[in-house]
$ cat structure-v6.pdb   # PDB, C-alpha atoms
MODEL        1
ATOM      1  CA  MET A   1     195.008 -94.715 146.674
ATOM      2  CA  SER A   2     192.008 -97.014 147.097
ATOM      3  CA  GLU A   3     188.784 -96.087 145.313
ATOM      4  CA  TYR A   4     186.725 -97.315 148.281
ATOM      5  CA  LEU A   5     187.416 -97.037 152.001
ATOM      6  CA  PHE A   6     185.338-100.080 152.999
ATOM      7  CA  GLY A   7     184.647-103.110 150.839
ATOM      8  CA  PHE A   8     182.499-106.037 151.930
ATOM      9  CA  VAL A   9     183.065-109.469 150.430
ATOM     10  CA  GLY A  10     179.784-111.115 151.387
ATOM     11  CA  SER A  11     176.518-109.360 152.200
ATOM     12  CA  GLY A  12     174.984-111.769 154.704
ATOM     13  CA  ASN A  13     173.429-110.904 158.052
ATOM     14  CA  MET A  14     176.605-109.870 159.838
ATOM     15  CA  ALA A  15     178.305-108.129 156.927
ATOM     16  CA  GLY A  16     175.019-106.421 156.129
ATOM     17  CA  ALA A  17     174.730-105.191 159.708
ATOM     18  CA  LEU A  18     178.234-103.721 159.526
ATOM     19  CA  ALA A  19     177.564-102.112 156.152
ATOM     20  CA  ARG A  20     174.410-100.489 157.519
ATOM     21  CA  ALA A  21     176.452 -99.074 160.382
ATOM     22  CA  ALA A  22     179.364 -98.001 158.171
ATOM     23  CA  VAL A  23     177.199 -95.976 155.808
ATOM     24  CA  LYS A  24     176.195 -93.725 158.730
ATOM     25  CA  GLN A  25     179.808 -92.624 159.087
ATOM     26  CA  VAL A  26     181.415 -93.266 155.693
ATOM     27  CA  PRO A  27     180.016 -91.754 152.472
ATOM     28  CA  ALA A  28     178.021 -94.380 150.581
ATOM     29  CA  GLU A  29     180.118 -93.829 147.463
ATOM     30  CA  LYS A  30     183.156 -94.974 149.463
ATOM     31  CA  ILE A  31     181.618 -98.408 150.180
ATOM     32  CA  ILE A  32     181.381-101.372 147.794
ATOM     33  CA  LEU A  33     179.581-104.688 148.300
ATOM     34  CA  SER A  34     179.795-108.114 146.732
ATOM     35  CA  ASN A  35     178.082-111.429 147.345
ATOM     36  CA  ARG A  36     178.060-114.933 145.909
ATOM     37  CA  THR A  37     174.444-114.233 144.945
ATOM     38  CA  ARG A  38     174.860-110.838 143.292
ATOM     39  CA  ALA A  39     171.178-109.958 143.684
ATOM     40  CA  LYS A  40     171.618-109.968 147.455
ATOM     41  CA  ALA A  41     174.452-107.434 147.252
ATOM     42  CA  GLU A  42     172.454-105.367 144.779
ATOM     43  CA  ALA A  43     169.454-105.243 147.112
ATOM     44  CA  LEU A  44     171.575-104.053 150.045
ATOM     45  CA  ALA A  45     173.457-101.583 147.846
ATOM     46  CA  ALA A  46     170.167-100.125 146.610
ATOM     47  CA  GLU A  47     169.061 -99.678 150.215
ATOM     48  CA  LEU A  48     172.308 -97.990 151.285
ATOM     49  CA  GLY A  49     173.354 -96.238 148.087
ATOM     50  CA  CYS A  50     176.636 -98.187 147.825
ATOM     51  CA  ALA A  51     178.430 -99.633 144.836
ATOM     52  CA  VAL A  52     178.287-103.305 143.810
ATOM     53  CA  GLY A  53     181.067-105.374 142.311
ATOM     54  CA  SER A  54     182.671-108.785 142.200
ATOM     55  CA  ASN A  55     184.774-110.205 145.010
ATOM     56  CA  GLU A  56     187.869-109.384 142.973
ATOM     57  CA  GLU A  57     186.754-105.777 142.477
ATOM     58  CA  VAL A  58     186.167-105.369 146.210
ATOM     59  CA  ALA A  59     189.593-106.848 146.973
ATOM     60  CA  GLY A  60     191.322-104.756 144.340
ATOM     61  CA  LYS A  61     189.762-101.363 145.072
ATOM     62  CA  SER A  62     189.091-101.189 148.834
ATOM     63  CA  LYS A  63     191.411-100.124 151.641
ATOM     64  CA  TYR A  64     189.613-102.138 154.334
ATOM     65  CA  ILE A  65     188.456-105.458 152.894
ATOM     66  CA  PHE A  66     185.825-107.111 155.104
ATOM     67  CA  LEU A  67     185.817-110.887 154.658
ATOM     68  CA  GLY A  68     182.222-111.799 155.449
ATOM     69  CA  VAL A  69     182.338-115.557 154.963
ATOM     70  CA  LYS A  70     182.094-118.557 157.273
ATOM     71  CA  PRO A  71     185.363-119.965 158.694
ATOM     72  CA  GLN A  72     185.246-123.077 156.508
ATOM     73  CA  MET A  73     184.976-120.885 153.383
ATOM     74  CA  MET A  74     187.861-118.547 154.209
ATOM     75  CA  ALA A  75     190.652-120.646 152.663
ATOM     76  CA  GLY A  76     188.907-120.828 149.313
ATOM     77  CA  LEU A  77     188.029-117.148 149.341
ATOM     78  CA  LEU A  78     191.547-115.974 150.131
ATOM     79  CA  GLU A  79     193.020-118.330 147.549
ATOM     80  CA  SER A  80     190.772-116.796 144.902
ATOM     81  CA  LEU A  81     191.666-113.248 145.960
ATOM     82  CA  ARG A  82     195.419-113.823 146.339
ATOM     83  CA  PRO A  83     196.356-112.854 142.726
ATOM     84  CA  VAL A  84     194.464-109.566 143.083
ATOM     85  CA  LEU A  85     195.969-108.773 146.470
ATOM     86  CA  ARG A  86     199.456-109.707 145.328
ATOM     87  CA  GLY A  87     199.147-107.323 142.391
ATOM     88  CA  ARG A  88     198.178-104.310 144.487
ATOM     89  CA  GLU A  89     200.754-101.561 144.902
ATOM     90  CA  ASP A  90     198.745 -99.495 147.404
ATOM     91  CA  ARG A  91     198.084-100.191 151.079
ATOM     92  CA  TYR A  92     195.162-102.441 152.057
ATOM     93  CA  LEU A  93     193.971-104.260 155.191
ATOM     94  CA  LEU A  94     191.997-107.474 155.606
ATOM     95  CA  VAL A  95     189.181-107.425 158.162
ATOM     96  CA  SER A  96     188.015-110.870 159.257
ATOM     97  CA  MET A  97     184.822-111.596 161.162
ATOM     98  CA  ALA A  98     185.150-115.377 160.848
ATOM     99  CA  ALA A  99     184.624-117.171 164.156
ATOM    100  CA  GLY A 100     187.639-118.959 165.563
ATOM    101  CA  LEU A 101     190.178-118.032 162.884
ATOM    102  CA  THR A 102     193.222-116.551 164.604
ATOM    103  CA  LEU A 103     195.440-113.876 163.125
ATOM    104  CA  THR A 104     198.174-116.469 162.613
ATOM    105  CA  LYS A 105     195.772-118.768 160.766
ATOM    106  CA  LEU A 106     194.480-115.888 158.648
ATOM    107  CA  GLU A 107     198.017-114.859 157.732
ATOM    108  CA  ALA A 108     198.740-118.425 156.631
ATOM    109  CA  LEU A 109     195.535-118.625 154.587
ATOM    110  CA  ALA A 110     196.243-115.271 152.940
ATOM    111  CA  GLY A 111     199.570-116.644 151.769
ATOM    112  CA  LEU A 112     201.220-113.229 151.699
ATOM    113  CA  PRO A 113     202.208-110.694 154.350
ATOM    114  CA  CYS A 114     199.456-108.173 155.008
ATOM    115  CA  PRO A 115     197.889-106.199 157.845
ATOM    116  CA  ILE A 116     194.865-107.936 159.361
ATOM    117  CA  ILE A 117     192.204-106.751 161.783
ATOM    118  CA  ARG A 118     190.147-109.485 163.413
ATOM    119  CA  ILE A 119     186.711-108.459 164.663
ATOM    120  CA  MET A 120     183.806-110.243 166.339
ATOM    121  CA  PRO A 121     180.690-108.082 165.925
ATOM    122  CA  ASN A 122     177.026-108.793 166.573
ATOM    123  CA  THR A 123     173.907-107.997 164.556
ATOM    124  CA  PRO A 124     172.743-105.041 166.738
ATOM    125  CA  CYS A 125     175.538-103.149 164.927
ATOM    126  CA  ALA A 126     172.872-102.504 162.285
ATOM    127  CA  VAL A 127     170.997-100.211 164.702
ATOM    128  CA  GLY A 128     174.032 -98.642 166.364
ATOM    129  CA  ALA A 129     173.789-100.811 169.476
ATOM    130  CA  GLY A 130     176.400-103.416 168.626
ATOM    131  CA  MET A 131     179.206-104.854 170.717
ATOM    132  CA  THR A 132     182.298-105.529 168.616
ATOM    133  CA  THR A 133     185.584-106.824 169.978
ATOM    134  CA  TYR A 134     188.709-106.502 167.887
ATOM    135  CA  THR A 135     192.426-107.229 167.711
ATOM    136  CA  ALA A 136     195.053-106.761 165.023
ATOM    137  CA  ASN A 137     198.381-108.131 163.895
ATOM    138  CA  ALA A 138     201.638-106.181 164.170
ATOM    139  CA  ALA A 139     201.402-104.925 160.585
ATOM    140  CA  VAL A 140     198.412-102.696 161.418
ATOM    141  CA  THR A 141     199.364 -99.192 162.510
ATOM    142  CA  GLU A 142     197.629 -97.251 165.268
ATOM    143  CA  GLU A 143     196.644 -94.656 162.669
ATOM    144  CA  GLU A 144     194.937 -97.329 160.588
ATOM    145  CA  LEU A 145     193.141 -98.687 163.635
ATOM    146  CA  ALA A 146     191.939 -95.174 164.463
ATOM    147  CA  GLU A 147     190.650 -94.705 160.909
ATOM    148  CA  PHE A 148     188.919 -98.080 161.016
ATOM    149  CA  LEU A 149     187.304 -97.366 164.393
ATOM    150  CA  LYS A 150     186.087 -93.959 163.231
ATOM    151  CA  GLY A 151     184.507 -95.538 160.174
ATOM    152  CA  MET A 152     182.775 -98.174 162.289
ATOM    153  CA  SER A 153     181.855 -95.885 165.196
ATOM    154  CA  ALA A 154     178.151 -95.849 164.277
ATOM    155  CA  ALA A 155     178.031 -99.601 164.912
ATOM    156  CA  GLY A 156     178.056 -99.121 168.693
ATOM    157  CA  THR A 157     180.760-100.103 171.164
ATOM    158  CA  LEU A 158     184.122-101.364 169.875
ATOM    159  CA  ASP A 159     186.529-102.823 172.407
ATOM    160  CA  ARG A 160     190.111-103.963 171.880
ATOM    161  CA  ILE A 161     190.893-107.276 173.536
ATOM    162  CA  GLU A 162     193.725-109.788 173.703
ATOM    163  CA  GLU A 163     193.314-112.322 170.937
ATOM    164  CA  ARG A 164     193.341-115.249 173.381
ATOM    165  CA  LEU A 165     190.032-113.909 174.760
ATOM    166  CA  MET A 166     188.315-113.273 171.421
ATOM    167  CA  ASP A 167     186.410-116.567 171.351
ATOM    168  CA  ALA A 168     185.092-116.071 174.878
ATOM    169  CA  ALA A 169     184.036-112.518 174.040
ATOM    170  CA  SER A 170     182.256-113.783 170.941
ATOM    171  CA  ALA A 171     180.390-116.406 172.965
ATOM    172  CA  VAL A 172     179.028-113.699 175.263
ATOM    173  CA  ALA A 173     178.500-110.718 172.948
ATOM    174  CA  GLY A 174     177.926-112.513 169.653
ATOM    175  CA  CYS A 175     176.200-115.794 170.457
ATOM    176  CA  GLY A 176     174.602-114.324 173.575
ATOM    177  CA  GLY A 177     172.090-112.389 171.514
ATOM    178  CA  ALA A 178     170.438-115.646 170.446
ATOM    179  CA  PHE A 179     170.208-116.735 174.082
ATOM    180  CA  ILE A 180     168.581-113.453 175.072
ATOM    181  CA  TRP A 181     166.123-113.662 172.181
ATOM    182  CA  GLN A 182     165.134-117.070 173.528
ATOM    183  CA  VAL A 183     164.597-115.452 176.927
ATOM    184  CA  MET A 184     162.682-112.570 175.336
ATOM    185  CA  GLU A 185     160.389-114.974 173.504
ATOM    186  CA  ALA A 186     159.826-116.992 176.672
ATOM    187  CA  LEU A 187     158.978-113.873 178.692
ATOM    188  CA  ALA A 188     156.497-112.799 176.026
ATOM    189  CA  ASP A 189     154.986-116.291 175.990
ATOM    190  CA  GLY A 190     154.555-116.048 179.748
ATOM    191  CA  GLY A 191     152.800-112.719 179.325
ATOM    192  CA  VAL A 192     150.472-114.221 176.719
ATOM    193  CA  ALA A 193     149.729-117.092 179.108
ATOM    194  CA  CYS A 194     148.715-114.458 181.660
ATOM    195  CA  GLY A 195     146.366-112.768 179.197
ATOM    196  CA  LEU A 196     148.488-110.115 177.462
ATOM    197  CA  PRO A 197     148.100-109.595 173.705
ATOM    198  CA  ARG A 198     151.229-110.975 172.027
ATOM    199  CA  ASP A 199     152.336-107.677 170.491
ATOM    200  CA  LYS A 200     152.231-105.972 173.871
ATOM    201  CA  ALA A 201     153.902-108.874 175.656
ATOM    202  CA  LEU A 202     156.777-108.789 173.165
ATOM    203  CA  LEU A 203     157.067-104.995 173.404
ATOM    204  CA  TYR A 204     157.238-105.139 177.200
ATOM    205  CA  ALA A 205     159.834-107.924 177.168
ATOM    206  CA  ALA A 206     162.046-106.196 174.583
ATOM    207  CA  LYS A 207     161.895-102.796 176.280
ATOM    208  CA  MET A 208     162.571-104.366 179.673
ATOM    209  CA  ILE A 209     165.720-106.069 178.331
ATOM    210  CA  GLU A 210     166.836-102.876 176.604
ATOM    211  CA  GLY A 211     166.301-100.786 179.736
ATOM    212  CA  THR A 212     167.907-103.331 182.026
ATOM    213  CA  GLY A 213     171.078-103.269 179.945
ATOM    214  CA  ARG A 214     171.174 -99.474 179.907
ATOM    215  CA  LEU A 215     170.659 -99.246 183.653
ATOM    216  CA  THR A 216     173.425-101.768 184.301
ATOM    217  CA  LEU A 217     175.891 -99.794 182.177
ATOM    218  CA  ARG A 218     174.879 -96.405 183.534
ATOM    219  CA  THR A 219     174.980 -97.310 187.214
ATOM    220  CA  GLY A 220     177.972 -99.650 187.079
ATOM    221  CA  LEU A 221     176.311-101.748 189.770
ATOM    222  CA  HIS A 222     176.680-105.531 189.901
ATOM    223  CA  PRO A 223     173.667-107.342 188.373
ATOM    224  CA  GLY A 224     173.091-109.083 191.703
ATOM    225  CA  VAL A 225     172.728-105.706 193.452
ATOM    226  CA  LEU A 226     170.276-104.451 190.839
ATOM    227  CA  LYS A 227     168.320-107.706 191.093
ATOM    228  CA  ASP A 228     168.085-107.335 194.866
ATOM    229  CA  GLN A 229     166.747-103.779 194.475
ATOM    230  CA  VAL A 230     163.739-105.161 192.585
ATOM    231  CA  CYS A 231     163.031-108.014 195.003
ATOM    232  CA  SER A 232     160.763-106.760 197.791
ATOM    233  CA  PRO A 233     160.356-109.123 200.778
ATOM    234  CA  GLY A 234     157.549-111.558 200.049
ATOM    235  CA  GLY A 235     156.868-109.846 196.717
ATOM    236  CA  SER A 236     156.116-110.907 193.171
ATOM    237  CA  THR A 237     159.634-110.603 191.804
ATOM    238  CA  ILE A 238     161.328-112.782 194.405
ATOM    239  CA  ALA A 239     158.664-115.418 193.778
ATOM    240  CA  GLY A 240     159.686-115.444 190.125
ATOM    241  CA  VAL A 241     163.405-115.356 190.956
ATOM    242  CA  ARG A 242     162.950-118.499 193.059
ATOM    243  CA  VAL A 243     161.522-120.315 190.023
ATOM    244  CA  VAL A 244     164.401-119.118 187.824
ATOM    245  CA  GLU A 245     166.859-120.557 190.351
ATOM    246  CA  GLU A 246     164.931-123.815 190.730
ATOM    247  CA  ARG A 247     164.909-124.351 186.957
ATOM    248  CA  GLY A 248     168.647-123.722 186.658
ATOM    249  CA  VAL A 249     168.383-120.842 184.193
ATOM    250  CA  ARG A 250     171.654-119.252 185.303
ATOM    251  CA  GLY A 251     173.510-122.532 184.989
ATOM    252  CA  ALA A 252     172.011-123.078 181.530
ATOM    253  CA  MET A 253     173.188-119.624 180.404
ATOM    254  CA  MET A 254     176.708-120.247 181.684
ATOM    255  CA  ASP A 255     176.813-123.629 179.959
ATOM    256  CA  ALA A 256     175.525-122.054 176.728
ATOM    257  CA  VAL A 257     178.399-119.546 176.693
ATOM    258  CA  ILE A 258     180.957-122.280 177.442
ATOM    259  CA  ALA A 259     179.517-124.486 174.672
ATOM    260  CA  ALA A 260     179.575-121.591 172.194
ATOM    261  CA  GLU A 261     183.188-120.744 173.050
ATOM    262  CA  ARG A 262     184.236-124.379 172.653
ATOM    263  CA  ARG A 263     182.503-124.650 169.278
ATOM    264  CA  THR A 264     184.103-121.393 168.091
ATOM    265  CA  LYS A 265     187.539-122.831 168.787
ATOM    266  CA  GLU A 266     186.609-125.988 166.868
ATOM    267  CA  LEU A 267     185.565-123.912 163.857
ATOM    268  CA  GLY A 268     188.970-122.287 163.795
ATOM    269  CA  GLN A 269     190.852-125.586 163.521
TER     270      GLN A 269
ENDMDL
END

$ encode --input "structure-v6.pdb" --output "C-alpha cells"
Amino acid sequence: MSEYLFGFVGSGNMAGALARAAVKQVPAEKIILSNRTRAKAEALAAELGCAVGSNEEVAGKSKYIFLGVKPQMMAGLLESLRPVLRGREDRYLLVSMAAGLTLTKLEALAGLPCPIIRIMPNTPCAVGAGMTTYTANAAVTEEELAEFLKGMSAAGTLDRIEERLMDAASAVAGCGGAFIWQVMEALADGGVACGLPRDKALLYAAKMIEGTGRLTLRTGLHPGVLKDQVCSPGGSTIAGVRVVEERGVRGAMMDAVIAAERRTKELGQ
C-alpha cells in the first residue's frame, strides 16, 4: 500500500494550485511534494504541512503521481522514473497535466503499461474555483477515478471529456484565464482613466467578472440574453457594447482560443 495518496513531481504554479486544493480534502500527511529546486517544494510543503522528497521518492511512494512538468520535459522525467515505477509491486497511477500530450503518447513515454489520468486544470483550483477537464486510459478503474475525484473535489469543477476535445477545453478553461485577466486589467485601466482609484477599479472589475460568471451558471441563460438584459435602449451599456463590437473584441477572443488550441497540439508532437 502506498505511503502517500497524492504525490506531486514539480511544485510550479499549476502543481502548486492542485496541491493547495488537495490538502483541503486529503490529510496533509498523505501528500508529498518534490521539485527540481528543492527549496521551492520545501516552501510549499511548509505552507501546507506536506512531506518533501525527491522525484524518485514521490514516484515510489505515492498512489497518484502528478507529473507537473512541461510537455518537452516529460520524456526525460519518465525515463528517470521508469526504474522506480518498474520496481513497484503495488498499484499506482500517473496523472499528467502536460498540455498536448495524449494518453497514447504518455503510455509510450512511460515505457511500461500503467494506468494514466490526463487532466487539464487551471490556477483558480488553488481557491476552489477551478475548471479541470479529465480523461483516462482503459487501465484506470471507475473506483480509482472516484477516489481521485473525491481527493481533488476542493479544486472546483471537474468534468470528464473525450480526449479528442481536451486541447480545445484547455484553450478555453486553461488559457482563457490569461485572456480574461487582460480584459480585467483593461477594464480597470478604463476606470482609472475615468477617475477611479486603481484599487477600487480593479476590485470592481474582478467582482463584476466573478459575479457575471456565477449568474451565467445559475440562470443557464445564453450570454447574449444576459447581455441584452443589461442594455437599455439608448443607454450607457449599449454605447459601450457598440465600441466592443467595432474593435473586434469578440473576434479577437475567438482567435485567441483557436491559436491556443493549435499551439497545444504542437506542444504534444

$ resolve_selection --input "structure-v6.pdb" --expression "the PyMOL selection byres ((chain A and resi 200-204) around 10)" --output "list in words"
Met184, Glu185, Ala186, Leu187, Ala188, Asp189, Gly190, Gly191, Val192, Ala193, Cys194, Gly195, Leu196, Pro197, Arg198, Asp199, Ala205, Ala206, Lys207, Met208, Ile209 and Glu210 of chain A

$ atom_distance --input "structure-v6.pdb" --atom1 "atom CA of Arg88 of chain A" --atom2 "atom CA of Lys61 of chain A"
8.9 Å

$ residues_around --input "structure-v6.pdb" --residues "Ala59 of chain A" --least-positions-apart "6" --cutoff "8 Å" --atoms "all atoms listed in the file" --output "list in words"
Gly7, Val9, Ile65, Leu81, Val84 and Leu85 of chain A

$ write_last_selection --input "structure-v6.pdb" --atoms "C-alpha atoms" --output "mmCIF file, in the coordinates of the input"
data_model
loop_
_atom_site.group_PDB
_atom_site.id
_atom_site.type_symbol
_atom_site.label_atom_id
_atom_site.label_comp_id
_atom_site.auth_asym_id
_atom_site.auth_seq_id
_atom_site.Cartn_x
_atom_site.Cartn_y
_atom_site.Cartn_z
ATOM 1 C CA GLY A 7 184.647 -103.110 150.839
ATOM 2 C CA VAL A 9 183.065 -109.469 150.430
ATOM 3 C CA ILE A 65 188.456 -105.458 152.894
ATOM 4 C CA LEU A 81 191.666 -113.248 145.960
ATOM 5 C CA VAL A 84 194.464 -109.566 143.083
ATOM 6 C CA LEU A 85 195.969 -108.773 146.470
#

$ closest_atom_pairs --input "structure-v6.pdb" --of "segment 54-103 of chain A" --to "segment 118-138 of chain A" --cutoff "9 Å" --atoms "only C-alpha atoms" --output "CSV"
residue,atom,partner,partner_atom,distance
A:Leu94,CA,A:Arg118,CA,8.3
A:Val95,CA,A:Arg118,CA,5.7
A:Ser96,CA,A:Arg118,CA,4.9
A:Met97,CA,A:Ile119,CA,5.1
A:Ala98,CA,A:Met120,CA,7.6
A:Ala99,CA,A:Met120,CA,7.3
A:Leu101,CA,A:Arg118,CA,8.6
A:Thr102,CA,A:Arg118,CA,7.8
A:Leu103,CA,A:Asn137,CA,6.5

$ closest_atom_pairs --input "structure-v6.pdb" --of "segment 16-64 of chain A" --to "segment 148-155 of chain A" --cutoff "9 Å" --atoms "only C-alpha atoms" --output "tab-separated table"
residue	atom	partner	partner_atom	distance
A:Ala17	CA	A:Ala155	CA	8.3
A:Leu18	CA	A:Ala155	CA	6.8
A:Ala19	CA	A:Met152	CA	9.0
A:Arg20	CA	A:Ala155	CA	8.3
A:Ala21	CA	A:Ala155	CA	4.8
A:Ala22	CA	A:Met152	CA	5.4
A:Val23	CA	A:Ala154	CA	8.5
A:Lys24	CA	A:Ala154	CA	6.3
A:Gln25	CA	A:Gly151	CA	5.6
A:Val26	CA	A:Gly151	CA	5.9
A:Tyr64	CA	A:Phe148	CA	7.8

$ residues_around --input "structure-v6.pdb" --residues "Glu47 of chain A" --least-positions-apart "4" --cutoff "12 Å" --atoms "only C-alpha atoms" --output "count of residues only"
12

$ atom_distance --input "structure-v6.pdb" --atom1 "atom CA of Ser170 of chain A" --atom2 "atom CA of Pro223 of chain A"
20.5 Å

$ resolve_selection --input "structure-v6.pdb" --expression "the PyMOL selection byres ((chain A and resi 74) around 12)" --output "mmCIF file with C-alpha atoms, keeping the file's coordinate frame"
data_model
loop_
_atom_site.group_PDB
_atom_site.id
_atom_site.type_symbol
_atom_site.label_atom_id
_atom_site.label_comp_id
_atom_site.auth_asym_id
_atom_site.auth_seq_id
_atom_site.Cartn_x
_atom_site.Cartn_y
_atom_site.Cartn_z
ATOM 1 C CA VAL A 9 183.065 -109.469 150.430
ATOM 2 C CA GLY A 10 179.784 -111.115 151.387
ATOM 3 C CA PHE A 66 185.825 -107.111 155.104
ATOM 4 C CA LEU A 67 185.817 -110.887 154.658
ATOM 5 C CA GLY A 68 182.222 -111.799 155.449
ATOM 6 C CA VAL A 69 182.338 -115.557 154.963
ATOM 7 C CA LYS A 70 182.094 -118.557 157.273
ATOM 8 C CA PRO A 71 185.363 -119.965 158.694
ATOM 9 C CA GLN A 72 185.246 -123.077 156.508
ATOM 10 C CA MET A 73 184.976 -120.885 153.383
ATOM 11 C CA ALA A 75 190.652 -120.646 152.663
ATOM 12 C CA GLY A 76 188.907 -120.828 149.313
ATOM 13 C CA LEU A 77 188.029 -117.148 149.341
ATOM 14 C CA LEU A 78 191.547 -115.974 150.131
ATOM 15 C CA GLU A 79 193.020 -118.330 147.549
ATOM 16 C CA SER A 80 190.772 -116.796 144.902
ATOM 17 C CA LEU A 81 191.666 -113.248 145.960
ATOM 18 C CA ARG A 82 195.419 -113.823 146.339
ATOM 19 C CA LEU A 94 191.997 -107.474 155.606
ATOM 20 C CA VAL A 95 189.181 -107.425 158.162
ATOM 21 C CA SER A 96 188.015 -110.870 159.257
ATOM 22 C CA MET A 97 184.822 -111.596 161.162
ATOM 23 C CA ALA A 98 185.150 -115.377 160.848
ATOM 24 C CA ALA A 99 184.624 -117.171 164.156
ATOM 25 C CA GLY A 100 187.639 -118.959 165.563
ATOM 26 C CA LEU A 101 190.178 -118.032 162.884
ATOM 27 C CA THR A 102 193.222 -116.551 164.604
ATOM 28 C CA LYS A 105 195.772 -118.768 160.766
ATOM 29 C CA LEU A 106 194.480 -115.888 158.648
ATOM 30 C CA GLU A 107 198.017 -114.859 157.732
ATOM 31 C CA ALA A 108 198.740 -118.425 156.631
ATOM 32 C CA LEU A 109 195.535 -118.625 154.587
ATOM 33 C CA ALA A 110 196.243 -115.271 152.940
ATOM 34 C CA LEU A 267 185.565 -123.912 163.857
ATOM 35 C CA GLY A 268 188.970 -122.287 163.795
#

$ closest_residue --input "structure-v6.pdb" --among "A:Gly111, A:Pro233, A:Gly60, A:Gly176" --to "Ala256 of chain A" --atoms "only C-alpha atoms"
A:Gly176

$ axis_aligned_box --input "structure-v6.pdb" --around "segment 53-59 of chain A" --padding-each-side "4 Å" --output "AutoDock Vina command-line options"
--center_x 185.3 --center_y -107.8 --center_z 144.6 --size_x 16.5 --size_y 12.8 --size_z 12.8

$ atom_distance --input "structure-v6.pdb" --atom1 "atom CA of Gln229 of chain A" --atom2 "atom CA of Asp255 of chain A"
26.6 Å

$ build_atoms --input "structure-v6.pdb" --residues "segment 133-147 of chain A" --atoms "N, CA, C and O atoms" --output "mmCIF file, keeping the file's coordinate frame"
data_model
loop_
_atom_site.group_PDB
_atom_site.id
_atom_site.type_symbol
_atom_site.label_atom_id
_atom_site.label_comp_id
_atom_site.auth_asym_id
_atom_site.auth_seq_id
_atom_site.Cartn_x
_atom_site.Cartn_y
_atom_site.Cartn_z
ATOM 1 N N THR A 133 184.226 -106.727 169.451
ATOM 2 C CA THR A 133 185.584 -106.824 169.978
ATOM 3 C C THR A 133 186.533 -106.940 168.795
ATOM 4 O O THR A 133 186.169 -107.433 167.726
ATOM 5 N N TYR A 134 187.771 -106.465 168.996
ATOM 6 C CA TYR A 134 188.709 -106.502 167.887
ATOM 7 C C TYR A 134 190.141 -106.660 168.380
ATOM 8 O O TYR A 134 190.466 -106.350 169.534
ATOM 9 N N THR A 135 190.987 -107.142 167.495
ATOM 10 C CA THR A 135 192.426 -107.229 167.711
ATOM 11 C C THR A 135 193.072 -107.103 166.340
ATOM 12 O O THR A 135 192.380 -107.104 165.324
ATOM 13 N N ALA A 136 194.381 -106.964 166.302
ATOM 14 C CA ALA A 136 195.053 -106.761 165.023
ATOM 15 C C ALA A 136 196.465 -107.326 165.084
ATOM 16 O O ALA A 136 197.049 -107.453 166.166
ATOM 17 N N ASN A 137 197.004 -107.652 163.907
ATOM 18 C CA ASN A 137 198.381 -108.131 163.895
ATOM 19 C C ASN A 137 199.350 -106.944 163.895
ATOM 20 O O ASN A 137 198.933 -105.774 163.789
ATOM 21 N N ALA A 138 200.630 -107.232 164.000
ATOM 22 C CA ALA A 138 201.638 -106.181 164.170
ATOM 23 C C ALA A 138 201.768 -105.283 162.952
ATOM 24 O O ALA A 138 202.319 -104.172 163.054
ATOM 25 N N ALA A 139 201.276 -105.723 161.802
ATOM 26 C CA ALA A 139 201.402 -104.925 160.585
ATOM 27 C C ALA A 139 200.426 -103.755 160.529
ATOM 28 O O ALA A 139 200.584 -102.850 159.707
ATOM 29 N N VAL A 140 199.405 -103.770 161.393
ATOM 30 C CA VAL A 140 198.412 -102.696 161.418
ATOM 31 C C VAL A 140 198.932 -101.552 162.280
ATOM 32 O O VAL A 140 199.325 -101.761 163.425
ATOM 33 N N THR A 141 198.902 -100.347 161.751
ATOM 34 C CA THR A 141 199.364 -99.192 162.510
ATOM 35 C C THR A 141 198.243 -98.643 163.391
ATOM 36 O O THR A 141 197.050 -98.896 163.143
ATOM 37 N N GLU A 142 198.630 -97.871 164.399
ATOM 38 C CA GLU A 142 197.629 -97.251 165.268
ATOM 39 C C GLU A 142 196.786 -96.250 164.487
ATOM 40 O O GLU A 142 195.599 -96.072 164.766
ATOM 41 N N GLU A 143 197.387 -95.607 163.499
ATOM 42 C CA GLU A 143 196.644 -94.656 162.669
ATOM 43 C C GLU A 143 195.567 -95.380 161.852
ATOM 44 O O GLU A 143 194.444 -94.880 161.707
ATOM 45 N N GLU A 144 195.917 -96.551 161.352
ATOM 46 C CA GLU A 144 194.937 -97.329 160.588
ATOM 47 C C GLU A 144 193.824 -97.839 161.488
ATOM 48 O O GLU A 144 192.645 -97.845 161.090
ATOM 49 N N LEU A 145 194.178 -98.267 162.687
ATOM 50 C CA LEU A 145 193.141 -98.687 163.635
ATOM 51 C C LEU A 145 192.204 -97.533 163.957
ATOM 52 O O LEU A 145 190.982 -97.707 164.027
ATOM 53 N N ALA A 146 192.762 -96.343 164.149
ATOM 54 C CA ALA A 146 191.939 -95.174 164.463
ATOM 55 C C ALA A 146 190.988 -94.855 163.313
ATOM 56 O O ALA A 146 189.810 -94.535 163.530
ATOM 57 N N GLU A 147 191.495 -94.959 162.075
ATOM 58 C CA GLU A 147 190.650 -94.705 160.909
ATOM 59 C C GLU A 147 189.539 -95.745 160.807
ATOM 60 O O GLU A 147 188.370 -95.418 160.528
#
